[in-house]
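The file upload24.txt contains compact mmCIF, C-alpha atoms (C1' of nucleotides) and all ligand atoms:
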```
# COMPACT_ATOMS: atom_id res chain seq x y z
CA MET A 1 121.25 105.72 90.61
CA LYS A 2 123.06 107.80 88.04
CA LYS A 3 122.10 111.23 86.83
CA LEU A 4 121.16 109.85 83.46
CA ASP A 5 118.66 107.51 85.05
CA ILE A 6 116.92 110.45 86.65
CA PHE A 7 116.47 112.04 83.26
CA LYS A 8 115.26 108.76 81.86
CA LYS A 9 112.61 108.56 84.58
CA LEU A 10 111.46 112.03 83.66
CA ARG A 11 111.50 111.35 79.94
CA THR A 12 109.59 108.09 80.27
CA SER A 13 107.01 109.92 82.36
CA GLY A 14 106.53 112.51 79.63
CA LEU A 15 108.04 115.24 81.77
CA ARG A 16 110.52 117.91 80.73
CA PRO A 17 113.50 118.11 83.06
CA THR A 18 112.70 121.33 84.86
CA LYS A 19 114.48 122.44 88.01
CA GLN A 20 111.74 121.25 90.32
CA ARG A 21 111.20 117.94 88.60
CA VAL A 22 114.87 117.07 88.55
CA GLU A 23 115.07 117.72 92.31
CA ILE A 24 111.98 115.63 92.96
CA ALA A 25 113.28 112.80 90.81
CA LYS A 26 116.71 112.89 92.43
CA PHE A 27 115.19 112.86 95.88
CA LEU A 28 112.89 109.95 95.10
CA PHE A 29 115.06 107.73 92.94
CA ASP A 30 118.64 108.43 93.94
CA ARG A 31 118.60 106.25 97.06
CA GLU A 32 119.30 102.72 98.19
CA LYS A 33 116.28 101.91 100.34
CA THR A 34 112.60 102.18 99.68
CA PHE A 35 111.00 105.49 100.50
CA HIS A 36 107.35 105.59 101.58
CA PHE A 37 105.90 109.07 101.58
CA THR A 38 102.94 111.38 101.32
CA VAL A 39 102.94 114.50 99.17
CA GLU A 40 103.11 116.52 102.36
CA SER A 41 106.11 114.67 103.77
CA LEU A 42 107.88 114.82 100.42
CA GLU A 43 107.37 118.57 100.29
CA LYS A 44 108.99 118.94 103.71
CA HIS A 45 111.99 116.84 102.71
CA LEU A 46 112.43 118.76 99.48
CA THR A 47 112.36 122.21 101.03
CA LYS A 48 114.78 121.06 103.72
CA LYS A 49 117.22 119.47 101.31
CA THR A 50 117.21 122.04 98.51
CA ASN A 51 116.87 125.80 98.40
CA PHE A 52 114.06 125.80 95.88
CA LYS A 53 110.40 126.45 96.32
CA PHE A 54 108.00 123.66 95.41
CA ALA A 55 104.34 124.42 94.92
CA LEU A 56 102.19 121.58 96.20
CA ALA A 57 100.52 121.35 92.81
CA THR A 58 103.89 120.71 91.20
CA ILE A 59 104.63 117.88 93.59
CA TYR A 60 101.19 116.37 93.06
CA ASN A 61 101.56 116.61 89.30
CA THR A 62 105.04 115.16 89.23
CA VAL A 63 104.31 112.32 91.63
CA HIS A 64 101.20 111.39 89.68
CA ALA A 65 103.12 111.39 86.42
CA PHE A 66 105.70 109.05 87.95
CA LYS A 67 102.96 106.81 89.25
CA LYS A 68 101.23 106.74 85.88
CA ALA A 69 104.52 105.79 84.23
CA GLY A 70 105.02 103.01 86.77
CA HIS A 71 107.97 104.58 88.58
CA LEU A 72 106.02 104.86 91.82
CA ASN A 73 103.29 102.82 93.47
CA ALA A 74 100.48 103.87 95.77
CA VAL A 75 99.95 102.00 99.02
CA ASP A 76 96.63 101.82 100.85
CA VAL A 77 96.93 102.56 104.48
CA ARG A 78 94.44 103.84 106.98
CA GLY A 79 94.17 107.57 107.20
CA LYS A 80 93.30 110.31 104.82
CA LYS A 81 96.53 110.90 103.01
CA THR A 82 97.74 108.92 100.04
CA TYR A 83 100.99 107.06 100.53
CA PHE A 84 103.45 106.44 97.73
CA ASP A 85 106.20 103.87 97.49
CA THR A 86 109.44 103.98 95.52
CA ASN A 87 109.55 100.19 95.58
CA ILE A 88 107.66 99.15 92.47
CA THR A 89 108.34 95.43 92.76
CA ASN A 90 105.61 93.16 94.05
CA HIS A 91 106.15 93.21 97.77
CA HIS A 92 104.35 93.34 101.08
CA HIS A 93 104.33 95.59 104.14
CA PHE A 94 104.49 95.74 107.84
CA TYR A 95 102.26 98.58 108.91
CA ASP A 96 102.36 100.31 112.25
CA ASP A 97 99.04 102.02 112.76
CA GLU A 98 100.27 104.20 115.61
CA THR A 99 103.19 105.73 113.70
CA SER A 100 101.71 105.31 110.20
CA GLU A 101 105.04 103.70 109.29
CA LEU A 102 105.37 101.22 106.47
CA ILE A 103 108.22 98.69 106.24
CA ASP A 104 108.86 96.65 103.14
CA ILE A 105 108.67 92.89 103.09
CA ASP A 106 110.23 91.25 100.08
CA ALA A 107 107.87 89.03 98.15
CA SER A 108 110.14 86.06 98.84
CA GLU A 109 109.63 86.42 102.59
CA VAL A 110 105.95 85.63 102.31
CA VAL A 111 104.80 82.26 101.06
CA ILE A 112 101.12 81.72 100.48
CA GLN A 113 100.06 78.13 100.28
CA LYS A 114 96.44 78.50 99.36
CA ILE A 115 94.14 81.18 98.02
CA PRO A 116 90.66 80.98 96.57
CA ARG A 117 90.23 81.36 92.85
CA ALA A 118 89.05 84.64 91.42
CA PRO A 119 85.31 85.29 90.93
CA ASN A 120 83.88 84.44 87.53
CA GLY A 121 85.18 86.60 84.73
CA LYS A 122 87.91 88.12 86.88
CA LYS A 123 91.59 87.41 87.13
CA ILE A 124 94.07 87.97 89.89
CA LYS A 125 96.19 91.04 89.26
CA ASN A 126 98.36 90.78 92.36
CA ILE A 127 98.31 89.90 96.03
CA GLU A 128 99.17 92.33 98.77
CA VAL A 129 99.80 91.23 102.33
CA PHE A 130 99.67 93.71 105.17
CA ILE A 131 101.05 92.65 108.51
CA ASN A 132 99.64 95.11 111.01
CA LEU A 133 101.82 95.74 114.03
CA LYS A 134 101.24 96.62 117.66
CA ASN A 135 103.63 97.23 120.55
CA MET B 136 69.29 88.96 113.32
CA LYS B 137 66.49 89.60 115.76
CA LYS B 138 65.14 92.95 116.80
CA LEU B 139 66.60 92.52 120.28
CA ASP B 140 70.07 92.11 118.84
CA ILE B 141 69.75 95.45 117.11
CA PHE B 142 69.02 97.09 120.44
CA LYS B 143 71.92 95.26 121.99
CA LYS B 144 74.25 96.58 119.31
CA LEU B 145 73.06 100.09 120.08
CA ARG B 146 73.29 99.64 123.83
CA THR B 147 76.79 98.18 123.70
CA SER B 148 77.83 101.12 121.53
CA GLY B 149 76.56 103.58 124.12
CA LEU B 150 73.79 104.77 121.83
CA ARG B 151 70.16 105.44 122.71
CA PRO B 152 67.76 103.72 120.33
CA THR B 153 66.53 106.71 118.38
CA LYS B 154 64.55 106.45 115.17
CA GLN B 155 67.57 107.06 112.95
CA ARG B 156 69.92 104.80 114.85
CA VAL B 157 67.49 101.91 114.90
CA GLU B 158 67.08 102.18 111.13
CA ILE B 159 70.84 102.34 110.61
CA ALA B 160 71.41 99.36 112.90
CA LYS B 161 68.66 97.35 111.23
CA PHE B 162 70.04 98.10 107.81
CA LEU B 163 73.59 97.19 108.77
CA PHE B 164 73.11 94.20 111.01
CA ASP B 165 69.85 92.57 109.94
CA ARG B 166 71.31 90.75 106.97
CA GLU B 167 72.90 87.45 106.02
CA LYS B 168 75.86 88.53 103.95
CA THR B 169 78.63 90.98 104.63
CA PHE B 170 77.95 94.56 103.66
CA HIS B 171 80.84 96.78 102.58
CA PHE B 172 79.94 100.44 102.41
CA THR B 173 80.92 104.06 102.57
CA VAL B 174 78.99 106.63 104.56
CA GLU B 175 77.75 108.04 101.26
CA SER B 176 76.50 104.69 99.94
CA LEU B 177 74.88 103.90 103.26
CA GLU B 178 73.03 107.20 103.19
CA LYS B 179 71.65 106.41 99.74
CA HIS B 180 70.46 102.97 100.82
CA LEU B 181 68.84 104.36 103.95
CA THR B 182 66.89 107.10 102.24
CA LYS B 183 65.74 104.66 99.56
CA LYS B 184 64.66 102.01 102.03
CA THR B 185 63.01 104.17 104.69
CA ASN B 186 61.04 107.39 104.62
CA PHE B 187 63.20 109.14 107.16
CA LYS B 188 65.77 111.83 106.70
CA PHE B 189 69.32 111.07 107.80
CA ALA B 190 71.77 113.89 108.26
CA LEU B 191 75.25 112.84 107.16
CA ALA B 192 76.60 113.79 110.57
CA THR B 193 74.22 111.31 112.19
CA ILE B 194 75.41 108.52 109.94
CA TYR B 195 79.05 109.39 110.55
CA ASN B 196 78.48 109.50 114.31
CA THR B 197 76.55 106.25 114.43
CA VAL B 198 78.91 104.33 112.18
CA HIS B 199 81.90 105.52 114.19
CA ALA B 200 80.25 104.49 117.44
CA PHE B 201 79.62 101.02 116.00
CA LYS B 202 83.20 100.83 114.84
CA LYS B 203 84.53 101.93 118.22
CA ALA B 204 82.40 99.26 119.87
CA GLY B 205 83.74 96.64 117.50
CA HIS B 206 80.51 96.08 115.59
CA LEU B 207 82.02 97.35 112.34
CA ASN B 208 85.49 97.31 110.82
CA ALA B 209 87.20 99.75 108.48
CA VAL B 210 88.85 98.43 105.32
CA ASP B 211 91.66 100.20 103.51
CA VAL B 212 91.07 100.47 99.83
CA ARG B 213 92.34 102.86 97.26
CA GLY B 214 90.36 106.00 96.89
CA LYS B 215 89.41 108.80 99.16
CA LYS B 216 86.40 107.45 100.94
CA THR B 217 86.51 105.27 104.01
CA TYR B 218 85.04 101.81 103.58
CA PHE B 219 83.33 99.92 106.39
CA ASP B 220 82.66 96.24 106.74
CA THR B 221 79.95 94.46 108.70
CA ASN B 222 82.13 91.36 108.84
CA ILE B 223 84.17 91.78 112.00
CA THR B 224 85.89 88.41 111.87
CA ASN B 225 89.48 88.20 110.69
CA HIS B 226 89.11 87.76 106.99
CA HIS B 227 90.54 88.81 103.66
CA HIS B 228 89.27 90.49 100.50
CA PHE B 229 89.14 90.37 96.79
CA TYR B 230 89.24 93.94 95.57
CA ASP B 231 88.18 95.13 92.15
CA ASP B 232 89.83 98.46 91.55
CA GLU B 233 87.58 99.35 88.62
CA THR B 234 84.32 98.91 90.49
CA SER B 235 85.68 99.60 93.99
CA GLU B 236 83.97 96.36 94.99
CA LEU B 237 85.12 94.28 97.92
CA ILE B 238 84.37 90.57 98.27
CA ASP B 239 85.00 88.67 101.47
CA ILE B 240 87.41 85.77 101.69
CA ASP B 241 87.07 83.65 104.78
CA ALA B 242 90.27 83.36 106.79
CA SER B 243 90.24 79.60 106.25
CA GLU B 244 90.49 80.06 102.49
CA VAL B 245 93.92 81.63 102.76
CA VAL B 246 96.83 79.68 104.15
CA ILE B 247 100.10 81.48 104.70
CA GLN B 248 103.12 79.25 105.02
CA LYS B 249 105.78 81.75 105.87
CA ILE B 250 105.98 85.32 107.07
CA PRO B 251 108.90 87.32 108.46
CA ARG B 252 108.97 88.02 112.16
CA ALA B 253 107.92 91.42 113.43
CA PRO B 254 110.53 94.19 113.83
CA ASN B 255 112.17 94.50 117.23
CA GLY B 256 109.78 95.56 119.97
CA LYS B 257 106.71 95.07 117.81
CA LYS B 258 104.18 92.30 117.66
CA ILE B 259 101.88 91.16 114.92
CA LYS B 260 98.32 92.38 115.44
CA ASN B 261 96.78 90.74 112.41
CA ILE B 262 97.39 89.90 108.79
CA GLU B 263 95.28 91.22 105.95
CA VAL B 264 95.47 89.81 102.46
CA PHE B 265 94.13 91.74 99.50
CA ILE B 266 93.74 89.93 96.22
CA ASN B 267 93.44 92.63 93.59
CA LEU B 268 91.37 91.71 90.57
CA LYS B 269 91.37 92.62 86.91
CA ASN B 270 89.15 91.58 84.04
C1' DT C 271 51.10 111.88 132.91
C1' DT C 272 53.91 115.97 132.90
C1' DT C 273 58.31 117.89 133.62
C1' DC C 274 63.06 117.91 133.31
C1' DT C 275 67.53 116.82 131.57
C1' DA C 276 71.02 114.82 129.18
C1' DG C 277 71.66 113.17 124.97
C1' DT C 278 70.49 113.58 119.80
C1' DT C 279 69.58 115.37 115.15
C1' DT C 280 70.30 118.60 111.89
C1' DA C 281 71.83 122.38 108.83
C1' DT C 282 75.60 124.59 108.22
C1' DA C 283 80.41 125.97 108.99
C1' DA C 284 85.12 124.46 109.38
C1' DT C 285 88.95 121.64 108.13
C1' DA C 286 92.05 118.79 105.42
C1' DA C 287 93.61 116.52 101.29
C1' DT C 288 93.55 116.96 96.66
C1' DT C 289 92.53 118.95 92.15
C1' DC C 290 91.64 122.88 89.17
C1' DT C 291 92.61 127.43 87.05
C1' DA C 292 94.72 130.89 84.70
C1' DA C 293 98.47 134.11 84.74
C1' DA C 294 103.45 134.49 84.62
C1' DG C 295 107.63 131.92 83.58
C1' DT C 296 110.75 128.62 80.98
C1' DA C 297 112.61 124.68 77.94
C1' DA C 298 113.41 123.56 73.65
C1' DA C 299 112.06 123.80 68.76
C1' DA C 300 112.20 126.80 64.81
C1' DT D 301 116.68 134.91 68.86
C1' DT D 302 112.09 134.24 68.51
C1' DT D 303 108.33 131.47 69.11
C1' DT D 304 105.59 127.94 71.08
C1' DA D 305 104.08 124.66 73.92
C1' DC D 306 104.70 123.22 78.32
C1' DT D 307 105.35 124.33 83.38
C1' DT D 308 105.10 126.56 87.85
C1' DT D 309 102.61 128.88 91.00
C1' DA D 310 99.19 131.06 94.21
C1' DG D 311 95.02 130.74 95.15
C1' DA D 312 90.26 129.03 94.25
C1' DA D 313 87.37 124.93 93.97
C1' DT D 314 86.11 120.37 95.27
C1' DT D 315 85.47 116.40 98.22
C1' DA D 316 85.35 113.75 102.39
C1' DT D 317 85.06 114.34 106.99
C1' DT D 318 84.53 116.65 111.48
C1' DA D 319 82.86 120.44 114.43
C1' DT D 320 79.23 123.58 116.06
C1' DA D 321 75.26 125.06 118.15
C1' DA D 322 70.31 125.51 117.97
C1' DA D 323 66.06 122.81 117.89
C1' DC D 324 64.39 118.32 119.26
C1' DT D 325 63.49 113.88 121.99
C1' DA D 326 64.17 109.56 124.95
C1' DG D 327 63.92 108.30 129.26
C1' DA D 328 64.35 109.55 134.20
C1' DA D 329 62.12 112.00 137.84
C1' DA D 330 58.33 114.07 139.87
MN MN A 401 93.63 104.19 103.30
MN MN A 402 92.79 103.82 101.09
ZN ZN A 403 106.86 99.34 100.07
ZN ZN A 404 84.93 92.14 104.39
```

Give the structure from this file in structure tokens form.
Amino acid sequence: MKKLDIFKKLRTSGLRPTKQRVEIAKFLFDREKTFHFTVESLEKHLTKKTNFKFALATIYNTVHAFKKAGHLNAVDVRGKKTYFDTNITNHHHFYDDETSELIDIDASEVVIQKIPRAPNGKKIKNIEVFINLKN
Amino acid sequence: MKKLDIFKKLRTSGLRPTKQRVEIAKFLFDREKTFHFTVESLEKHLTKKTNFKFALATIYNTVHAFKKAGHLNAVDVRGKKTYFDTNITNHHHFYDDETSELIDIDASEVVIQKIPRAPNGKKIKNIEVFINLKN
DNA sequence: TTTCTAGTTTATAATAATTCTAAAGTAAAA
DNA sequence: TTTTACTTTAGAATTATTATAAACTAGAAA
């Protein structure tokens, strides 16, 4: 991902390109593979990788702005912390309860043959499959 | 569900049949349809239905003992509160984000034709399908 | 029965994740 | 360069949950 794309992500999220935000955006979007994270784990990565200070509130605000703009997704996994996902395509997950680790499954790798129709007055927004793992 | 079954649920959870626990067990297990709840919503139902007082800690403790014994399941849905489910069979859910409402889908109503195999050294524990709804 | 004991309930404190606040700092318009 | 609106930050507030410890009670023992 090019530098310009980072700035585009910020702009389309309604965020000025401040020092902290640019670092957060670079860390999240300048990568090949999906990154699943919590605000806490992101903070640790950021302070390790850069020499800046990041207030938790800044990370929360920035991550939420990205999510609102559709540049990040939230994933529901057991536990108290909120997980975010840089993969914003429709996809599924392996989930390892013991390590709290998520692994992406491309939508094409899951084929569903039959589902019930939505309750009256409701429509299907999307389908999420979780394959829970054990050892 | 008969009164004796309530006591069995308590016994198999390692819980003495106290006034509060019997009321909680009756409320949760003496019903036809699945009940999805949070500790907070359960507390409201209990105080409305009975004339007893239920400390939140008692409800948390009792619900967790039932879960540990396999009489309740936890469901992962967006939001900060933990949801529990009286349906302990393998099944799936419709989920309405706007109302935070869960609706059961029997396992037989979902047929999956293809899934990837588990990562090396891991096995599949179970598969959960969430069908997210919109209006 | 009454007594005893381990287990239970409860109010309240502690903790953990997240959100709020308001003062000090900064990007970008004027 | 000055001004202005937006941003960062430390710390306070909030929310869900868990821990604590004193008062209470179910069931065993006497
Ligand atoms: Mn969750
Ligand atoms: Mn959740
Ligand atoms: Zn993912
Ligand atoms: Zn259910």

Where does chain A end up after superposition onto chain B over all in-order Cα pairs? Give it as a CSV table (one decimal) with C-alpha atoms, in the frame of the given file.
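Output (out-v5.csv):
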```csv
chain,number,residue,atom,x,y,z
A,1,MET,CA,69.3,88.9,113.5
A,2,LYS,CA,66.6,89.6,115.9
A,3,LYS,CA,65.2,93.0,117.0
A,4,LEU,CA,66.7,92.6,120.4
A,5,ASP,CA,70.2,92.1,118.9
A,6,ILE,CA,69.8,95.5,117.2
A,7,PHE,CA,69.1,97.1,120.5
A,8,LYS,CA,72.0,95.3,122.1
A,9,LYS,CA,74.4,96.6,119.4
A,10,LEU,CA,73.2,100.1,120.1
A,11,ARG,CA,73.4,99.7,123.9
A,12,THR,CA,76.9,98.2,123.7
A,13,SER,CA,78.0,101.1,121.5
A,14,GLY,CA,76.7,103.6,124.1
A,15,LEU,CA,73.9,104.8,121.8
A,16,ARG,CA,70.3,105.5,122.8
A,17,PRO,CA,67.9,103.8,120.4
A,18,THR,CA,66.6,106.8,118.5
A,19,LYS,CA,64.6,106.5,115.3
A,20,GLN,CA,67.6,107.1,113.0
A,21,ARG,CA,70.0,104.8,114.9
A,22,VAL,CA,67.6,101.9,115.0
A,23,GLU,CA,67.1,102.2,111.2
A,24,ILE,CA,70.9,102.3,110.7
A,25,ALA,CA,71.5,99.4,112.9
A,26,LYS,CA,68.7,97.3,111.3
A,27,PHE,CA,70.0,98.1,107.9
A,28,LEU,CA,73.6,97.2,108.8
A,29,PHE,CA,73.1,94.2,111.0
A,30,ASP,CA,69.9,92.5,110.0
A,31,ARG,CA,71.3,90.7,107.0
A,32,GLU,CA,72.9,87.4,106.0
A,33,LYS,CA,75.8,88.5,103.9
A,34,THR,CA,78.6,91.0,104.6
A,35,PHE,CA,77.9,94.5,103.6
A,36,HIS,CA,80.8,96.8,102.5
A,37,PHE,CA,79.9,100.4,102.3
A,38,THR,CA,80.9,104.1,102.5
A,39,VAL,CA,78.9,106.6,104.5
A,40,GLU,CA,77.7,108.0,101.2
A,41,SER,CA,76.4,104.7,99.9
A,42,LEU,CA,74.8,103.9,103.2
A,43,GLU,CA,73.0,107.2,103.2
A,44,LYS,CA,71.6,106.4,99.8
A,45,HIS,CA,70.4,102.9,100.9
A,46,LEU,CA,68.8,104.3,104.0
A,47,THR,CA,66.8,107.1,102.3
A,48,LYS,CA,65.7,104.6,99.6
A,49,LYS,CA,64.6,101.9,102.1
A,50,THR,CA,63.0,104.1,104.8
A,51,ASN,CA,61.0,107.3,104.7
A,52,PHE,CA,63.2,109.1,107.3
A,53,LYS,CA,65.7,111.8,106.8
A,54,PHE,CA,69.3,111.0,107.8
A,55,ALA,CA,71.7,113.9,108.3
A,56,LEU,CA,75.2,112.8,107.1
A,57,ALA,CA,76.6,113.8,110.5
A,58,THR,CA,74.2,111.3,112.2
A,59,ILE,CA,75.4,108.5,109.9
A,60,TYR,CA,79.0,109.4,110.5
A,61,ASN,CA,78.5,109.5,114.3
A,62,THR,CA,76.6,106.3,114.4
A,63,VAL,CA,78.9,104.3,112.1
A,64,HIS,CA,81.9,105.5,114.1
A,65,ALA,CA,80.3,104.5,117.4
A,66,PHE,CA,79.7,101.0,116.0
A,67,LYS,CA,83.3,100.8,114.8
A,68,LYS,CA,84.6,101.9,118.1
A,69,ALA,CA,82.5,99.3,119.8
A,70,GLY,CA,83.8,96.7,117.4
A,71,HIS,CA,80.6,96.1,115.5
A,72,LEU,CA,82.0,97.3,112.3
A,73,ASN,CA,85.5,97.3,110.7
A,74,ALA,CA,87.2,99.7,108.4
A,75,VAL,CA,88.8,98.4,105.2
A,76,ASP,CA,91.6,100.2,103.4
A,77,VAL,CA,91.0,100.5,99.8
A,78,ARG,CA,92.3,102.9,97.2
A,79,GLY,CA,90.3,106.1,96.8
A,80,LYS,CA,89.3,108.9,99.1
A,81,LYS,CA,86.3,107.5,100.8
A,82,THR,CA,86.5,105.3,103.9
A,83,TYR,CA,85.0,101.8,103.5
A,84,PHE,CA,83.3,99.9,106.3
A,85,ASP,CA,82.7,96.2,106.7
A,86,THR,CA,79.9,94.5,108.6
A,87,ASN,CA,82.1,91.4,108.8
A,88,ILE,CA,84.2,91.8,111.9
A,89,THR,CA,85.9,88.4,111.8
A,90,ASN,CA,89.5,88.2,110.6
A,91,HIS,CA,89.1,87.7,106.9
A,92,HIS,CA,90.6,88.8,103.6
A,93,HIS,CA,89.3,90.5,100.4
A,94,PHE,CA,89.2,90.4,96.7
A,95,TYR,CA,89.3,94.0,95.5
A,96,ASP,CA,88.3,95.2,92.1
A,97,ASP,CA,89.9,98.5,91.5
A,98,GLU,CA,87.7,99.4,88.6
A,99,THR,CA,84.4,98.9,90.4
A,100,SER,CA,85.7,99.6,93.9
A,101,GLU,CA,84.0,96.4,94.9
A,102,LEU,CA,85.2,94.3,97.8
A,103,ILE,CA,84.4,90.6,98.2
A,104,ASP,CA,85.0,88.7,101.4
A,105,ILE,CA,87.4,85.8,101.6
A,106,ASP,CA,87.1,83.6,104.7
A,107,ALA,CA,90.2,83.4,106.7
A,108,SER,CA,90.2,79.6,106.2
A,109,GLU,CA,90.5,80.1,102.4
A,110,VAL,CA,93.9,81.6,102.7
A,111,VAL,CA,96.8,79.7,104.1
A,112,ILE,CA,100.1,81.5,104.7
A,113,GLN,CA,103.1,79.3,105.1
A,114,LYS,CA,105.7,81.8,106.0
A,115,ILE,CA,105.9,85.3,107.2
A,116,PRO,CA,108.8,87.3,108.7
A,117,ARG,CA,108.8,88.0,112.4
A,118,ALA,CA,107.7,91.4,113.6
A,119,PRO,CA,110.3,94.2,114.1
A,120,ASN,CA,111.9,94.5,117.5
A,121,GLY,CA,109.5,95.5,120.2
A,122,LYS,CA,106.4,95.0,118.0
A,123,LYS,CA,103.9,92.2,117.8
A,124,ILE,CA,101.7,91.1,115.0
A,125,LYS,CA,98.1,92.3,115.5
A,126,ASN,CA,96.6,90.7,112.4
A,127,ILE,CA,97.3,89.9,108.8
A,128,GLU,CA,95.2,91.2,105.9
A,129,VAL,CA,95.5,89.8,102.4
A,130,PHE,CA,94.2,91.8,99.5
A,131,ILE,CA,93.8,90.0,96.2
A,132,ASN,CA,93.5,92.7,93.6
A,133,LEU,CA,91.5,91.8,90.5
A,134,LYS,CA,91.5,92.7,86.9
A,135,ASN,CA,89.3,91.6,83.9
```

Please return, as a list in words, all polymer residues that have at least one atom within 8 Å of the point (76.0, 114.4, 119.3); use only C-alpha atoms (C1' of nucleotides) and the file's own coordinate frame.
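Within 8 Å of (76.0, 114.4, 119.3), the protein and nucleic acid residues are Thr193 and Asn196 of chain B; DG277, DT278 and DT279 of chain C.
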
Can you write out the residues you just picked, keeping C-alpha atoms (C1' of nucleotides), as a compact mmCIF listing (two decimals), in the frame of the given file?
```txt
# COMPACT_ATOMS: atom_id res chain seq x y z
CA THR B 193 74.22 111.31 112.19
CA ASN B 196 78.48 109.50 114.31
C1' DG C 277 71.66 113.17 124.97
C1' DT C 278 70.49 113.58 119.80
C1' DT C 279 69.58 115.37 115.15
```

Residues of chain B near chain C: apply a cut-off of 9 Å, count all atoms listed in the file, and supply the list as a ChimeraX atom specification. /B:151,153,155,189-193

Ligand MN 401 (chain A): which residues are within 12 Å, counting only C-alpha atoms (C1' of nucleotides) and all ligand atoms? Reply as an mmCIF file with C-alpha atoms, in the frame of the given file.
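What follows is the written file result-v3.cif:
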```
data_model
loop_
_atom_site.group_PDB
_atom_site.id
_atom_site.type_symbol
_atom_site.label_atom_id
_atom_site.label_comp_id
_atom_site.auth_asym_id
_atom_site.auth_seq_id
_atom_site.Cartn_x
_atom_site.Cartn_y
_atom_site.Cartn_z
ATOM 1 C CA THR A 38 102.940 111.380 101.320
ATOM 2 C CA ALA A 74 100.480 103.870 95.770
ATOM 3 C CA VAL A 75 99.950 102.000 99.020
ATOM 4 C CA ASP A 76 96.630 101.820 100.850
ATOM 5 C CA VAL A 77 96.930 102.560 104.480
ATOM 6 C CA ARG A 78 94.440 103.840 106.980
ATOM 7 C CA GLY A 79 94.170 107.570 107.200
ATOM 8 C CA LYS A 80 93.300 110.310 104.820
ATOM 9 C CA LYS A 81 96.530 110.900 103.010
ATOM 10 C CA THR A 82 97.740 108.920 100.040
ATOM 11 C CA TYR A 83 100.990 107.060 100.530
ATOM 12 C CA PHE A 84 103.450 106.440 97.730
ATOM 13 C CA TYR A 95 102.260 98.580 108.910
ATOM 14 C CA ASP A 97 99.040 102.020 112.760
ATOM 15 C CA SER A 100 101.710 105.310 110.200
ATOM 16 C CA ALA B 209 87.200 99.750 108.480
ATOM 17 C CA VAL B 210 88.850 98.430 105.320
ATOM 18 C CA ASP B 211 91.660 100.200 103.510
ATOM 19 C CA VAL B 212 91.070 100.470 99.830
ATOM 20 C CA ARG B 213 92.340 102.860 97.260
ATOM 21 C CA GLY B 214 90.360 106.000 96.890
ATOM 22 C CA LYS B 215 89.410 108.800 99.160
ATOM 23 C CA LYS B 216 86.400 107.450 100.940
ATOM 24 C CA THR B 217 86.510 105.270 104.010
ATOM 25 C CA TYR B 218 85.040 101.810 103.580
ATOM 26 C CA PHE B 219 83.330 99.920 106.390
#
```

Given a cut-off of 12 Å, which residues of chain D touch chain B, counting only C-alpha atoms (C1' of nucleotides), written out as a ChimeraX atom specification? /D:315-320,324-327

Same residues, C-alpha atoms (C1' of nucleotides), output as a tab-separated table (two decimals), keeping the file's coordinate frame:
```tsv
chain	number	residue	atom	x	y	z
D	315	DT	C1'	85.47	116.40	98.22
D	316	DA	C1'	85.35	113.75	102.39
D	317	DT	C1'	85.06	114.34	106.99
D	318	DT	C1'	84.53	116.65	111.48
D	319	DA	C1'	82.86	120.44	114.43
D	320	DT	C1'	79.23	123.58	116.06
D	324	DC	C1'	64.39	118.32	119.26
D	325	DT	C1'	63.49	113.88	121.99
D	326	DA	C1'	64.17	109.56	124.95
D	327	DG	C1'	63.92	108.30	129.26
```

So which residues are near ligand ZN 404 (chain A), meaning at most 6 Å away with only C-alpha atoms (C1' of nucleotides) and all ligand atoms counted, given back as JSON, numbers by chain?
{"B": [220, 222, 239]}

Practice item. Please return, as number ranges by chain, all residues of chain B lying within 10 Å of chain A when only C-alpha atoms are considered. Key: B: 209-217, 227, 229-231, 238, 240-270

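With atom CA of B:Ala160 on one side and atom CA of B:Ile194 on the other, the separation reads 10.4 Å.
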
Tell me which residues come within 7 Å of (106.0, 121.0, 80.7), as a ChimeraX atom specification, counting all atoms listed in the file in the file's coordinates. /A:15-16 /D:306-307

One residue among A:His93, A:Asp5, A:Glu23, A:Thr86 is nearest to A:Phe66 when using all atoms listed in the file, and that residue is A:Thr86

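Those residues that approach B:Val157 to within 10 Å, counting all atoms listed in the file, are Lys138, Ile141, Phe142, Lys144, Leu145, Leu150, Arg151 and Leu163 of chain B; same-chain residues fewer than 6 positions away are not listed.
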
If you keep C-alpha atoms, can you produce a file of those selected residues as a CSV table (one decimal), in the coordinates of the input?
```csv
chain,number,residue,atom,x,y,z
B,138,LYS,CA,65.1,93.0,116.8
B,141,ILE,CA,69.8,95.4,117.1
B,142,PHE,CA,69.0,97.1,120.4
B,144,LYS,CA,74.2,96.6,119.3
B,145,LEU,CA,73.1,100.1,120.1
B,150,LEU,CA,73.8,104.8,121.8
B,151,ARG,CA,70.2,105.4,122.7
B,163,LEU,CA,73.6,97.2,108.8
```

Do you have the atom CA of B:Val198-atom CA of B:His226 distance handy?
->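 Between atom CA of B:Val198 and atom CA of B:His226 the gap works out to 20.1 Å.
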
Around all listed atoms of stretch 212-219 of chain B, padded 4 Å per side, what centre and edge lengths does the axis-aligned box have in Å to one decimal, as JSON?
```
{"center_x": 87.8, "center_y": 104.4, "center_z": 101.6, "size_x": 17.0, "size_y": 16.9, "size_z": 17.5}
```

Can you measure atom C1' of D:DA329 to atom CA of B:Ala204 for me? One decimal in Å is fine.
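Answer for the atom C1' of D:DA329 to atom CA of B:Ala204 separation: 29.9 Å.
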